[in-house]
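Dropping structure-v7.txt in here (compact mmCIF, C-alpha atoms):
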# COMPACT_ATOMS: atom_id res chain seq x y z
CA MET A 1 56.15 37.77 154.91
CA ARG A 2 53.24 39.89 156.16
CA TRP A 3 54.69 42.99 154.49
CA TRP A 4 55.33 41.04 151.30
CA SER A 5 51.74 39.75 151.26
CA LEU A 6 50.39 43.27 151.78
CA ALA A 7 52.57 44.58 148.94
CA ASN A 8 51.37 41.80 146.64
CA LEU A 9 47.74 42.50 147.53
CA VAL A 10 48.19 46.15 146.54
CA SER A 11 50.09 45.18 143.38
CA ASN A 12 47.55 42.55 142.29
CA ALA A 13 44.68 44.97 142.77
CA GLY A 14 46.50 47.57 140.67
CA THR A 15 47.35 45.06 137.94
CA TRP A 16 43.77 43.82 137.57
CA MET A 17 42.54 47.40 137.64
CA GLN A 18 44.84 48.22 134.72
CA LEU A 19 43.95 45.06 132.77
CA THR A 20 40.23 45.82 133.12
CA VAL A 21 40.70 49.43 132.03
CA GLN A 22 43.05 48.43 129.20
CA ASN A 23 40.34 46.34 127.56
CA LEU A 24 37.89 49.25 127.80
CA LEU A 25 40.53 51.64 126.47
CA VAL A 26 41.24 49.52 123.39
CA LEU A 27 37.51 49.33 122.69
CA GLN A 28 37.25 53.12 122.97
CA ILE A 29 40.18 53.68 120.61
CA THR A 30 39.29 51.08 117.96
CA GLY A 31 35.74 49.91 118.63
CA SER A 32 36.97 46.40 117.83
CA ALA A 33 36.81 43.35 120.09
CA ALA A 34 39.47 41.71 117.91
CA ALA A 35 41.87 44.55 118.72
CA THR A 36 41.23 43.94 122.43
CA GLY A 37 42.23 40.31 122.02
CA LEU A 38 45.28 41.41 120.04
CA SER A 39 46.48 43.63 122.90
CA LEU A 40 46.26 40.72 125.33
CA SER A 41 48.12 38.44 122.91
CA VAL A 42 50.89 41.02 122.39
CA GLN A 43 51.36 41.29 126.16
CA ALA A 44 51.50 37.49 126.47
CA ALA A 45 53.85 36.96 123.49
CA PRO A 46 57.12 37.70 125.37
CA GLY A 47 56.20 34.94 127.82
CA LEU A 48 56.21 32.49 124.92
CA LEU A 49 59.46 33.70 123.36
CA VAL A 50 61.86 34.82 126.11
CA SER A 51 60.58 33.42 129.44
CA VAL A 52 63.44 30.91 129.53
CA VAL A 53 65.97 33.74 129.16
CA GLY A 54 64.18 35.70 131.89
CA GLY A 55 64.36 32.72 134.25
CA ALA A 56 68.08 32.38 133.55
CA ALA A 57 68.54 36.05 134.45
CA VAL A 58 66.76 35.48 137.76
CA ASP A 59 69.18 32.65 138.58
CA ARG A 60 72.18 34.88 137.84
CA TRP A 61 71.22 38.20 139.42
CA PRO A 62 70.58 39.06 143.10
CA ARG A 63 66.93 38.24 143.68
CA LYS A 64 65.91 41.25 145.79
CA LEU A 65 67.58 43.71 143.41
CA THR A 66 66.05 42.00 140.37
CA ALA A 67 62.54 42.10 141.83
CA ALA A 68 62.87 45.74 142.95
CA VAL A 69 64.17 46.94 139.56
CA SER A 70 61.53 45.01 137.59
CA GLN A 71 58.75 46.42 139.79
CA ALA A 72 60.08 49.95 139.33
CA LEU A 73 60.21 49.47 135.54
CA LEU A 74 56.63 48.18 135.47
CA GLY A 75 55.62 51.25 137.46
CA ALA A 76 57.39 53.52 134.96
CA VAL A 77 55.48 51.93 132.06
CA ALA A 78 52.18 52.41 133.91
CA PHE A 79 52.97 56.08 134.62
CA ALA A 80 53.97 56.66 130.99
CA THR A 81 50.66 55.18 129.83
CA ALA A 82 48.76 57.36 132.30
CA LEU A 83 50.42 60.50 130.93
CA LEU A 84 49.69 59.53 127.32
CA VAL A 85 46.04 58.90 128.19
CA ALA A 86 45.74 62.17 130.14
CA PHE A 87 47.11 64.22 127.21
CA ASP A 88 45.14 62.20 124.61
CA GLN A 89 48.31 61.01 122.85
CA LEU A 90 47.69 57.26 123.06
CA ASN A 91 46.89 55.32 119.90
CA LEU A 92 46.66 51.60 119.25
CA GLY A 93 50.24 51.22 118.04
CA VAL A 94 51.72 52.90 121.12
CA LEU A 95 49.42 50.90 123.41
CA LEU A 96 50.51 47.62 121.81
CA ALA A 97 54.17 48.61 122.16
CA LEU A 98 53.68 49.41 125.87
CA ALA A 99 51.86 46.10 126.33
CA ALA A 100 54.79 44.25 124.74
CA VAL A 101 57.28 46.04 127.02
CA THR A 102 55.15 45.13 130.04
CA GLY A 103 55.11 41.48 128.98
CA LEU A 104 58.87 41.51 128.45
CA ILE A 105 59.57 42.89 131.94
CA ALA A 106 57.12 40.38 133.42
CA THR A 107 59.23 37.47 132.13
CA ILE A 108 61.83 38.47 134.74
CA ASP A 109 59.54 39.96 137.37
CA GLY A 110 57.32 36.86 137.70
CA PRO A 111 59.98 34.29 138.69
CA ALA A 112 61.93 36.84 140.75
CA CYS A 113 58.93 37.78 142.91
CA SER A 114 57.73 34.17 143.26
CA LEU A 115 61.10 32.91 144.48
CA LEU A 116 61.66 35.96 146.69
CA GLY A 117 58.43 35.17 148.54
CA ASN A 118 59.65 31.61 149.17
CA ASP A 119 62.93 32.93 150.60
CA LEU A 120 61.03 34.69 153.40
CA VAL A 121 59.86 31.48 155.11
CA ARG A 122 61.39 28.19 156.23
CA PRO A 123 61.45 25.41 153.59
CA GLU A 124 58.68 23.47 155.35
CA ASP A 125 56.45 26.56 155.22
CA VAL A 126 56.82 27.16 151.46
CA PRO A 127 53.43 25.47 150.66
CA SER A 128 51.78 27.81 153.16
CA ALA A 129 53.51 30.81 151.59
CA ILE A 130 52.32 29.76 148.13
CA GLY A 131 48.79 29.27 149.48
CA VAL A 132 48.86 32.76 150.99
CA GLY A 133 50.08 34.08 147.63
CA SER A 134 47.14 32.41 145.87
CA LEU A 135 44.75 33.89 148.43
CA VAL A 136 46.25 37.35 147.92
CA SER A 137 46.03 36.96 144.14
CA ASN A 138 42.32 36.09 144.24
CA ALA A 139 41.54 38.89 146.66
CA GLY A 140 43.51 41.38 144.55
CA ARG A 141 41.66 40.27 141.43
CA LEU A 142 38.28 40.90 143.03
CA ALA A 143 39.37 44.25 144.44
CA GLY A 144 41.02 45.39 141.20
CA ALA A 145 38.00 44.62 139.03
CA GLY A 146 35.76 46.60 141.40
CA LEU A 147 38.17 49.53 141.77
CA ALA A 148 38.56 49.82 137.99
CA GLY A 149 34.96 50.93 137.56
CA LEU A 150 35.27 53.37 140.47
CA ALA A 151 38.53 54.86 139.18
CA VAL A 152 37.27 55.36 135.63
CA GLY A 153 33.90 56.72 136.73
CA VAL A 154 35.26 59.23 139.25
CA PHE A 155 38.81 60.12 138.16
CA GLY A 156 39.08 58.97 134.54
CA THR A 157 40.99 56.25 132.69
CA ALA A 158 44.43 57.72 133.36
CA ALA A 159 43.86 57.40 137.11
CA ALA A 160 43.71 53.59 136.90
CA TYR A 161 47.13 53.48 135.22
CA ALA A 162 48.57 55.94 137.73
CA ALA A 163 47.20 53.88 140.63
CA ASN A 164 48.83 50.76 139.19
CA GLY A 165 52.11 52.64 138.88
CA LEU A 166 51.91 53.60 142.55
CA SER A 167 51.21 49.96 143.48
CA PHE A 168 54.42 48.86 141.74
CA LEU A 169 56.43 51.57 143.49
CA PHE A 170 54.99 50.42 146.83
CA VAL A 171 56.27 46.89 146.20
CA ALA A 172 59.68 48.22 145.11
CA ALA A 173 59.86 50.28 148.33
CA VAL A 174 59.04 47.26 150.53
CA ILE A 175 61.57 44.85 148.95
CA PRO A 176 64.78 46.38 150.45
CA PHE A 177 63.42 45.82 153.97
CA LEU A 178 62.62 42.12 153.48
CA ARG A 179 64.82 39.64 155.35
CA PRO A 180 65.13 36.21 153.73
CA VAL A 181 65.31 33.28 156.14
CA ALA A 182 68.34 31.86 154.35
CA ALA A 183 70.75 33.41 151.86
CA ALA A 184 69.20 33.27 148.42
CA VAL A 185 71.16 31.68 145.61
CA THR A 186 72.02 34.49 143.23
CA GLN A 187 74.44 32.78 140.90
CA ALA A 188 73.89 29.83 138.61
CA ALA A 189 76.10 26.81 138.58
CA PRO A 190 79.38 27.42 136.72
CA THR A 191 79.30 26.79 133.01
CA ALA A 192 81.80 24.98 130.88
CA PRO A 193 84.92 26.95 129.87
CA GLY A 194 84.44 28.86 126.65
CA ALA A 195 80.67 28.29 126.56
CA PRO A 196 78.36 31.32 126.29
CA ALA A 197 77.06 31.82 129.82
CA ASP A 198 73.51 32.87 128.95
CA ASP A 199 72.98 30.26 126.23
CA MET A 200 74.41 27.54 128.41
CA SER A 201 72.21 28.60 131.29
CA VAL A 202 69.11 28.42 129.11
CA ARG A 203 70.07 25.00 127.77
CA GLU A 204 70.69 23.73 131.30
CA GLY A 205 67.20 24.81 132.31
CA LEU A 206 65.56 23.12 129.34
CA ALA A 207 67.59 19.93 129.80
CA PHE A 208 66.88 19.77 133.53
CA PHE A 209 63.13 20.17 132.96
CA ALA A 210 63.07 17.51 130.24
CA ARG A 211 65.00 15.02 132.42
CA ARG A 212 62.65 15.35 135.41
CA PRO A 213 59.68 12.98 134.94
CA ARG A 214 57.82 14.72 137.78
CA LEU A 215 58.00 18.09 136.05
CA VAL A 216 57.08 16.65 132.65
CA ALA A 217 54.08 14.88 134.20
CA LEU A 218 53.07 18.07 136.00
CA ALA A 219 53.26 19.97 132.72
CA GLY A 220 51.06 17.38 131.02
CA ILE A 221 48.44 17.40 133.78
CA SER A 222 48.33 21.17 133.99
CA GLY A 223 48.29 21.56 130.20
CA ILE A 224 45.34 19.31 129.47
CA SER A 225 43.46 20.76 132.46
CA ALA A 226 44.12 24.33 131.32
CA ILE A 227 42.93 23.68 127.78
CA PHE A 228 39.81 21.61 128.47
CA GLY A 229 38.90 22.32 132.08
CA ARG A 230 39.96 25.72 133.40
CA ASN A 231 38.37 28.17 130.97
CA TYR A 232 35.22 28.51 133.04
CA GLY A 233 34.87 32.15 132.05
CA LEU A 234 34.10 30.87 128.56
CA THR A 235 32.32 27.53 129.05
CA LEU A 236 30.14 28.50 132.02
CA ALA A 237 29.25 31.83 130.41
CA VAL A 238 27.85 30.00 127.37
CA LEU A 239 26.15 27.38 129.59
CA VAL A 240 24.46 29.95 131.85
CA THR A 241 23.31 32.30 129.10
CA GLY A 242 22.37 29.46 126.74
CA PRO A 243 20.92 26.13 127.96
CA LEU A 244 20.20 27.44 131.49
CA ALA A 245 18.52 30.59 130.13
CA GLY A 246 20.26 32.96 132.54
CA GLY A 247 21.49 36.47 131.94
CA ALA A 248 24.57 38.52 132.67
CA GLY A 249 23.52 38.83 136.30
CA ALA A 250 23.32 35.05 136.68
CA PHE A 251 26.79 34.60 135.23
CA GLY A 252 28.05 37.32 137.57
CA THR A 253 26.74 35.24 140.47
CA VAL A 254 28.52 32.15 139.13
CA SER A 255 31.76 34.13 138.76
CA THR A 256 31.50 35.39 142.35
CA VAL A 257 30.95 31.87 143.66
CA LEU A 258 33.97 30.70 141.66
CA ALA A 259 36.09 33.43 143.24
CA VAL A 260 34.92 32.56 146.74
CA GLY A 261 35.65 28.88 146.12
CA GLY A 262 39.11 29.83 144.90
CA ILE A 263 39.80 31.71 148.13
CA VAL A 264 38.62 28.74 150.23
CA GLY A 265 40.82 26.43 148.18
CA ALA A 266 43.81 28.70 148.68
CA VAL A 267 43.30 28.55 152.45
CA LEU A 268 43.10 24.74 152.34
CA GLY A 269 46.08 24.52 150.00
CA ALA A 270 48.16 26.54 152.45
CA ARG A 271 47.89 23.61 154.89
CA LEU A 272 49.71 21.24 152.52
CA ARG A 273 53.16 20.19 153.67
CA LYS A 274 54.57 17.84 151.05
CA PRO A 275 52.34 17.91 147.96
CA SER A 276 53.14 15.55 145.12
CA VAL A 277 52.41 15.26 141.41
CA ARG A 278 50.12 12.32 142.25
CA LEU A 279 48.04 14.64 144.45
CA VAL A 280 47.89 17.23 141.68
CA GLY A 281 46.70 14.56 139.23
CA THR A 282 44.09 13.20 141.64
CA LEU A 283 42.68 16.65 142.29
CA ALA A 284 42.68 17.50 138.59
CA ALA A 285 40.79 14.28 137.79
CA ALA A 286 38.28 14.98 140.58
CA GLY A 287 37.73 18.49 139.24
CA ALA A 288 37.24 17.09 135.74
CA LEU A 289 34.53 14.69 136.95
CA LEU A 290 32.81 17.57 138.77
CA GLN A 291 32.97 19.47 135.49
CA VAL A 292 31.18 16.59 133.76
CA VAL A 293 28.37 16.72 136.32
CA ALA A 294 28.23 20.52 136.02
CA GLY A 295 27.78 20.19 132.27
CA LEU A 296 24.67 18.11 132.92
CA SER A 297 23.18 20.59 135.44
CA PRO A 298 19.42 20.91 134.96
CA SER A 299 19.22 24.34 136.62
CA LEU A 300 21.26 27.32 137.75
CA ALA A 301 20.82 26.35 141.41
CA VAL A 302 22.40 22.93 140.83
CA LEU A 303 25.26 24.56 138.92
CA LEU A 304 25.96 26.96 141.80
CA VAL A 305 26.20 24.01 144.19
CA LEU A 306 28.70 22.26 141.92
CA VAL A 307 30.77 25.36 141.18
CA VAL A 308 31.99 25.63 144.79
CA PRO A 309 33.81 22.27 144.97
CA MET A 310 35.07 22.77 141.40
CA ALA A 311 36.75 26.03 142.39
CA VAL A 312 38.08 24.60 145.67
CA VAL A 313 39.62 21.55 143.98
CA GLU A 314 41.13 23.70 141.23
CA SER A 315 42.69 26.11 143.74
CA VAL A 316 44.17 23.36 145.93
CA SER A 317 45.52 21.60 142.84
CA ASP A 318 47.14 24.83 141.64
CA THR A 319 48.75 25.42 145.03
CA ALA A 320 50.09 21.85 145.15
CA GLY A 321 51.45 22.07 141.60
CA THR A 322 53.12 25.43 142.22
CA THR A 323 54.74 24.05 145.38
CA VAL A 324 56.18 21.07 143.50
CA LEU A 325 57.39 23.34 140.71
CA GLN A 326 59.16 25.77 143.05
CA THR A 327 60.67 23.23 145.46
CA ASP A 328 61.57 20.21 143.31
CA PRO A 329 64.52 21.81 141.42
CA PRO A 330 67.73 22.70 143.26
CA ALA A 331 67.92 26.33 144.37
CA HIS A 332 70.28 27.46 141.61
CA MET A 333 67.97 26.08 138.88
CA ARG A 334 64.59 27.38 140.05
CA GLY A 335 64.57 30.56 138.00
CA ARG A 336 65.26 28.67 134.79
CA VAL A 337 62.66 26.02 135.61
CA LEU A 338 60.07 28.74 136.21
CA GLY A 339 61.12 30.29 132.89
CA VAL A 340 60.47 27.03 131.06
CA TRP A 341 57.18 26.66 132.89
CA ASN A 342 56.05 30.18 131.92
CA THR A 343 56.76 29.40 128.28
CA ILE A 344 54.67 26.23 128.46
CA ARG A 345 51.88 28.02 130.34
CA THR A 346 51.77 30.77 127.71
CA MET A 347 51.35 28.13 125.02
CA TRP A 348 48.35 26.73 126.93
CA SER A 349 46.78 30.15 127.38
CA LEU A 350 47.10 30.90 123.66
CA ALA A 351 45.95 27.47 122.45
CA GLY A 352 43.21 26.83 125.02
CA PRO A 353 40.46 29.31 124.09
CA PRO A 354 40.48 28.53 120.33
CA ALA A 355 40.47 24.77 120.96
CA LEU A 356 37.68 25.05 123.51
CA GLY A 357 35.73 27.40 121.27
CA LEU A 358 35.94 24.88 118.42
CA LEU A 359 34.77 22.12 120.77
CA MET A 360 31.78 24.22 121.84
CA GLU A 361 30.93 24.91 118.20
CA LEU A 362 30.84 21.17 117.55
CA ALA A 363 29.30 19.88 120.80
CA GLY A 364 27.68 22.88 122.47
CA ALA A 365 28.38 24.17 125.98
CA ARG A 366 27.16 21.02 127.74
CA GLY A 367 29.01 18.75 125.35
CA ALA A 368 32.23 20.73 125.74
CA LEU A 369 32.11 20.52 129.54
CA VAL A 370 31.30 16.80 129.51
CA ALA A 371 33.76 15.84 126.77
CA GLY A 372 36.51 18.03 128.23
CA GLY A 373 36.06 16.58 131.71
CA LEU A 374 36.10 13.00 130.45
CA LEU A 375 39.18 13.74 128.33
CA ILE A 376 41.06 15.16 131.33
CA ALA A 377 40.10 12.33 133.69
CA GLY A 378 40.84 9.69 131.05
CA ALA A 379 44.25 11.13 130.17
CA ILE A 380 45.30 11.35 133.83
CA GLY A 381 44.06 7.81 134.52
CA ALA A 382 45.88 6.46 131.47
CA GLY A 383 49.07 8.22 132.50
CA HIS A 384 48.86 6.73 135.97
CA LEU A 385 48.36 3.20 134.63
CA LEU A 386 51.22 3.63 132.16
CA ARG A 387 53.53 4.80 134.92
CA ARG A 388 52.65 1.82 137.11
CA ARG A 389 53.29 -0.55 134.22
CA ARG A 390 56.69 0.97 133.49
CA THR A 391 57.80 1.07 137.12
CA PRO A 392 59.51 -2.23 137.97
CA GLU A 393 58.38 -3.99 141.12
CA PRO A 394 61.13 -4.21 143.74
CA VAL A 395 62.62 -7.67 144.24
CA LEU A 396 63.12 -8.54 147.89
CA ILE A 397 66.04 -10.87 148.62
CA ARG A 398 65.95 -12.57 152.00
CA PRO A 399 69.35 -12.36 153.70
CA GLU A 400 70.96 -15.60 154.69
CA THR A 401 70.91 -15.76 158.48
CA ALA A 402 72.09 -19.32 158.80
CA ALA A 403 73.60 -21.99 156.64
CA VAL A 404 70.99 -23.82 154.60
CA PRO A 405 71.53 -27.61 154.63
CA ALA A 406 71.90 -29.37 151.32
CA LEU A 407 68.82 -31.17 150.00
CA SER A 408 68.70 -34.87 150.76
CA THR A 409 68.25 -37.51 148.11
CA ALA A 410 64.65 -38.11 149.14
CA ALA A 411 63.91 -34.42 148.98

For this file, produce the structure as structure tokens.
Amino acid sequence: MRWWSLANLVSNAGTWMQLTVQNLLVLQITGSAAATGLSLSVQAAPGLLVSVVGGAAVDRWPRKLTAAVSQALLGAVAFATALLVAFDQLNLGVLLALAAVTGLIATIDGPACSLLGNDLVRPEDVPSAIGVGSLVSNAGRLAGAGLAGLAVGVFGTAAAYAANGLSFLFVAAVIPFLRPVAAAVTQAAPTAPGAPADDMSVREGLAFFARRPRLVALAGISGISAIFGRNYGLTLAVLVTGPLAGGAGAFGTVSTVLAVGGIVGAVLGARLRKPSVRLVGTLAAAGALLQVVAGLSPSLAVLLVLVVPMAVVESVSDTAGTTVLQTDPPAHMRGRVLGVWNTIRTMWSLAGPPALGLLMELAGARGALVAGGLLIAGAIGAGHLLRRRRTPEPVLIRPETAAVPALSTAA
């Protein structure tokens, strides 16, 4: 697990380095911010269309081999991009095609690597492993964003892509030496005779997800939180530079505090043993109420104080939700469930910024934070009350321990 965490730290740093440089590269080629957004959407599109198929593949193929091959393929795409940049042969069309290929490979790589990490620890330690993964992800994001500027300034744009390619190869080289605690399930449950294996596998994943109230509730909580409460890079940027009269430096400070809070939350989340959907909902509602107060902040100093618990609560909630998602389904269904989840998450990521942007146009930055927080807390509270109303109360029947005498006439 220590080697796996180190490999993921290197890989996350490389990925964020490439993402940062990719945005700058698109701007250099086209001079258009819209084209930059288009490149990100093209890379995310496969997650919306074929994530379920990718999850089914993870359930069918050996997990270590699948993760190693997908990492090697991602490295090959990064190296190809580096060569095209170095020889000045990269245009927008080729860059979009490479982004689409990267997104397509990621539909298999994501679930394979997530479940492989869980295989390296005992079942009771899976929440801790997920917490460590969240910690590594946050640390890699900070390191990658900083290294991107250094790589471009000293070695050029192609160097960032080459470094990311090396990070993928490092992960692929580590995977063969990993020793799962228990044998990983590499084959899905048998399908009906004469039924197409892949189609049936996909349908089984969708049906299983839809029949699990816990997973449906988790999707609802995470969805409304992602759309109205997690886009702090957008809402807090407008709040800091607008009503609070801060500049880019002030927002940079807020972003750093958010990252630190996320790391603290990941450490706390790693101590969870048996998280539940109820815990995820409670934390999401608490974060939404903190968001309401943050929207009413009279000064930057007050906002900085509130941002810390907001980031901590969000990180712990994410860790708890990921643990439920990866441990609730039976082992042979987890790839498909993660595939369904990635499709839903991609829908949130595509729908969230436009919806939040429209809300800010109508209500302003403060109004968007306050209204979004109240909407999240209200929806979670209503869902909890509805669940309690629909859940029948148990009827306790006292066992007969002795014969009860018949009632007398007077009685």

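Closest approach to Phe251 (chain A) among A:Leu300, A:Thr66, A:Ala371, A:Arg230 is made by A:Leu300 (distances from all atoms listed in the file).
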
Requested in this report: Can you pull out every residue within 8 Å of Thr30 (chain A), counting all atoms listed in the file, but drop anything in the same chain fewer than 4 positions away, and send it as a PyMOL selection string?
Outcome: chain A and resi 26+35+92

Any chance you could export the current selection's C-alpha atoms as a PDB file, keeping the file's coordinate frame?
ATOM      1  CA  VAL A  26      41.240  49.520 123.390  1.00  0.00           C
ATOM      2  CA  ALA A  35      41.870  44.550 118.720  1.00  0.00           C
ATOM      3  CA  LEU A  92      46.660  51.600 119.250  1.00  0.00           C
TER       4      LEU A  92
END

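Note that CA of Leu166 (chain A) and CA of Gly75 (chain A) are 6.7 Å apart.
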
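Here CA of Leu258 (chain A) is placed at a distance of 25.6 Å from CA of Trp4 (chain A).
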
Query - Distance query Leu115 (chain A) at most 8 Å, all atoms listed in the file, self and fewer than 4 positions along chain excluded, as a PyMOL selection string - result: chain A and resi 63+111+119+326+334-335

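For Val53 (chain A), the non-local neighbours within 9 Å, defined as residues at least 2 positions apart in the same chain or in other chains and counting only C-alpha atoms, are A:Leu49, A:Val50, A:Ser51, A:Gly55, A:Ala56, A:Ala57, A:Val58, A:Thr107, A:Ile108, A:Asp198, A:Asp199, A:Ser201, A:Val202, A:Arg336, A:Gly339, A:Val340.
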
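Closest approach to Gln22 (chain A) from the set A:Arg2, A:Val52, A:Tyr161, A:Gly149 is made by A:Tyr161, with distances taken over all atoms listed in the file.
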
Render region 76-84 of chain A from the structure in the preceding block as a file of all heavy atoms, as a PDB file, in the first residue's frame.
ATOM      1  N   ALA A  76       1.614   6.418 -23.096  1.00  0.00           N
ATOM      2  CA  ALA A  76       1.898   6.515 -24.526  1.00  0.00           C
ATOM      3  C   ALA A  76       1.243   7.754 -25.140  1.00  0.00           C
ATOM      4  O   ALA A  76       1.844   8.443 -25.978  1.00  0.00           O
ATOM      5  CB  ALA A  76       1.414   5.246 -25.232  1.00  0.00           C
ATOM      6  N   VAL A  77       0.011   8.055 -24.722  1.00  0.00           N
ATOM      7  CA  VAL A  77      -0.668   9.254 -25.237  1.00  0.00           C
ATOM      8  C   VAL A  77       0.081  10.517 -24.803  1.00  0.00           C
ATOM      9  O   VAL A  77       0.261  11.462 -25.594  1.00  0.00           O
ATOM     10  CB  VAL A  77      -2.129   9.295 -24.741  1.00  0.00           C
ATOM     11  CG1 VAL A  77      -2.800  10.607 -25.134  1.00  0.00           C
ATOM     12  CG2 VAL A  77      -2.920   8.123 -25.314  1.00  0.00           C
ATOM     13  N   ALA A  78       0.546  10.540 -23.557  1.00  0.00           N
ATOM     14  CA  ALA A  78       1.290  11.710 -23.070  1.00  0.00           C
ATOM     15  C   ALA A  78       2.593  11.886 -23.845  1.00  0.00           C
ATOM     16  O   ALA A  78       2.967  13.005 -24.231  1.00  0.00           O
ATOM     17  CB  ALA A  78       1.566  11.567 -21.575  1.00  0.00           C
ATOM     18  N   PHE A  79       3.309  10.788 -24.103  1.00  0.00           N
ATOM     19  CA  PHE A  79       4.561  10.874 -24.863  1.00  0.00           C
ATOM     20  C   PHE A  79       4.299  11.328 -26.299  1.00  0.00           C
ATOM     21  O   PHE A  79       5.067  12.120 -26.866  1.00  0.00           O
ATOM     22  CB  PHE A  79       5.279   9.533 -24.858  1.00  0.00           C
ATOM     23  CG  PHE A  79       6.002   9.232 -23.570  1.00  0.00           C
ATOM     24  CD1 PHE A  79       5.772   8.051 -22.886  1.00  0.00           C
ATOM     25  CD2 PHE A  79       6.913  10.135 -23.048  1.00  0.00           C
ATOM     26  CE1 PHE A  79       6.427   7.771 -21.708  1.00  0.00           C
ATOM     27  CE2 PHE A  79       7.580   9.862 -21.862  1.00  0.00           C
ATOM     28  CZ  PHE A  79       7.342   8.684 -21.191  1.00  0.00           C
ATOM     29  N   ALA A  80       3.224  10.824 -26.902  1.00  0.00           N
ATOM     30  CA  ALA A  80       2.890  11.240 -28.268  1.00  0.00           C
ATOM     31  C   ALA A  80       2.603  12.744 -28.326  1.00  0.00           C
ATOM     32  O   ALA A  80       3.040  13.444 -29.258  1.00  0.00           O
ATOM     33  CB  ALA A  80       1.684  10.454 -28.770  1.00  0.00           C
ATOM     34  N   THR A  81       1.885  13.241 -27.333  1.00  0.00           N
ATOM     35  CA  THR A  81       1.601  14.681 -27.283  1.00  0.00           C
ATOM     36  C   THR A  81       2.880  15.482 -27.106  1.00  0.00           C
ATOM     37  O   THR A  81       3.067  16.536 -27.737  1.00  0.00           O
ATOM     38  CB  THR A  81       0.618  14.986 -26.142  1.00  0.00           C
ATOM     39  OG1 THR A  81      -0.522  14.130 -26.237  1.00  0.00           O
ATOM     40  CG2 THR A  81       0.156  16.429 -26.206  1.00  0.00           C
ATOM     41  N   ALA A  82       3.783  14.991 -26.257  1.00  0.00           N
ATOM     42  CA  ALA A  82       5.049  15.684 -26.040  1.00  0.00           C
ATOM     43  C   ALA A  82       5.851  15.787 -27.342  1.00  0.00           C
ATOM     44  O   ALA A  82       6.435  16.839 -27.651  1.00  0.00           O
ATOM     45  CB  ALA A  82       5.863  14.959 -24.969  1.00  0.00           C
ATOM     46  N   LEU A  83       5.882  14.714 -28.124  1.00  0.00           N
ATOM     47  CA  LEU A  83       6.617  14.740 -29.388  1.00  0.00           C
ATOM     48  C   LEU A  83       5.986  15.731 -30.370  1.00  0.00           C
ATOM     49  O   LEU A  83       6.690  16.479 -31.074  1.00  0.00           O
ATOM     50  CB  LEU A  83       6.642  13.341 -29.994  1.00  0.00           C
ATOM     51  CG  LEU A  83       7.548  12.318 -29.289  1.00  0.00           C
ATOM     52  CD1 LEU A  83       7.357  10.935 -29.907  1.00  0.00           C
ATOM     53  CD2 LEU A  83       9.009  12.747 -29.384  1.00  0.00           C
ATOM     54  N   LEU A  84       4.658  15.734 -30.449  1.00  0.00           N
ATOM     55  CA  LEU A  84       3.978  16.654 -31.356  1.00  0.00           C
ATOM     56  C   LEU A  84       4.235  18.109 -30.965  1.00  0.00           C
ATOM     57  O   LEU A  84       4.424  18.978 -31.834  1.00  0.00           O
ATOM     58  CB  LEU A  84       2.476  16.364 -31.374  1.00  0.00           C
ATOM     59  CG  LEU A  84       2.054  15.038 -32.013  1.00  0.00           C
ATOM     60  CD1 LEU A  84       0.575  14.772 -31.769  1.00  0.00           C
ATOM     61  CD2 LEU A  84       2.344  15.066 -33.514  1.00  0.00           C
TER      62      LEU A  84
END
